[in-house]
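*Asks:* Got a structure here, written out as structure tokens. Questions coming.
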Amino acid sequence: MIAFNVPPYIGVEEQYIKEAIESHKICGDGTFTKKCNAWIENYTGVSKALLTTSCTHALEMASILSNIEPGDEVIMPSYTFVSTADAFVLRGAKIVFVDIRPDTMNIDDNLIENAITDKTKAIVPVHYAGVACEMDKIMAIAKKHGLLVVEDAAQGVDSKYHGKALGTFGDFGCFSFHETKNLSMGEGGALLIRDKENVERAEIVREKGTNRAKFFRGQIDKYTWVDAGSSYLPSELNAAYLYGQLENIRTIQDSRMDRWNQYYELLKPLENQGIIVLPTIPEGCDHNAHMFYIKAKDLEERTALSAYLKENEITASFHYIPLHSAPAGLKFGRFHGEDVYTTKESERLLRLPMYYGLKEEEVQKVCDTVKAFYGK
Ligand SMILES: *Cc1c(COP(=O)(O)O)cnc(C)c1O
């Protein structure tokens, strides 16, 4: 059986976890967490990065730090993971879903401005498959209307837009290190903070509403409860695992990129014949080989293809029942304009196996099987 995903593992993680244990510091914000934060800041150029317990929690922190209040509207695509919306729904926001563009499956930047009302507080672009949204345009719209931007860059670690790391454009950027993402710590994520003036409150929100971070730096002599907050800091054991991965990012990423390019080359003939559609990487976007998907003609064909792959011991997967048509989406959101692509394109999309350690001959087999399906 060719698995759909295998969590990334390099081999140094065990040693680092052992070091954390032996240092008798396994709660949050120890040596490994600090190393990971610094690594992310260095790598992306963002002013401040804070490891979190998940990307879901990084989004929640961003929502709190954006002062989202009941009745505020937040604009995002409907084709995304539930956490993108949940983070804002928990603060009482109304979600305004905008259609996606079919080439990248990202929010259609041309439709955002029309969805803005006097209640709009934030725009939340999701960089699907690690391929950037049109950030220049989105940032210009946000600036013109005085809106905040929270990037859901859960899938965008190590991706760039015009040479700049995803997650560093908006007021806040959110990374995921879940086991299904390129780099992992089991469960975990990071909040990227663009502006220095938001850092202090972020540290407070992350540490149960206390100014403990300042206390640990010796800037105050006792810490106290200063604001509403929660516990968003991961254990050092998880951070130690992640640090081993960050140090070996090129090994992981180069291998994924080889497999991604191999899929693309081998399946290109099917696209040229008009049988399937492959991902589009627009000018100026450096993607991170997070995902390889193909698009079948429609839902029926995708279902048959997926079943055929399974018969041949290959696990393919699809995702995202559009949020606006889910029970909670109907309750907490509305779709602005017409759903031209969100539902239709989501029903065609099929994700092929992609993980660090996937072998060349396995990609060959997957592509041969896809071709055999269409040759029948
Ligand atoms: C994975 C993912 C999340 C959630 O990440 P967790 O770390 O599992 O909370 C949020 N948004 C998108 C687009 C994702 O792919």
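Residue numbers start at 1 in each chain; chains themselves are named A, B, ... in the order of the structure tokens; ligands are numbered from 1 in the order shown.
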Counting only C-alpha atoms and all ligand atoms, name the residues that have an atom within 9 Å of an atom of ligand 1; the answer should be given as JSON, numbers by chain.
*Replies:* {"A": [52, 53, 54, 55, 56, 57, 58, 59, 79, 80, 81, 82, 83, 84, 126, 127, 128, 129, 152, 153, 154, 155, 156, 174, 175, 176, 177, 178, 179, 180, 181, 186, 187, 188, 189, 190]}
*Asks:* Could you tell me, as a PyMOL selection string, which residues of range 36-217 of chain A DSSP assigns to strand (DSSP E) when given the backbone?
*Replies:* chain A and resi 48-52+73-77+94-98+120-123+148-152+160-161+164-165+172-176+189-193
*Asks:* Tell me which protein, DNA and RNA residues are within 8 Å of Thr104 in chain A, counting only C-alpha atoms, leaving out same-chain ones fewer than 4 positions away, and put them as a ChimeraX atom specification.
*Replies:* /A:128,131,279-281
*Asks:* When distances are computed from only C-alpha atoms, which of A:Ile275, A:Leu299, A:Met257, A:Met139 shows the smallest separation from Thr343 in chain A?
*Replies:*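 Smallest separation from Thr343 in chain A among the options: A:Leu299.
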*Asks:* Skip range 261-269 of chain A itself and residues of its chain fewer than 5 positions away, then list as number ranges by chain all residues within 9 Å of it, counting only C-alpha atoms.
*Replies:* A: 256, 274-279, 289, 292, 294, 360, 363-364, 366-368, 370-371
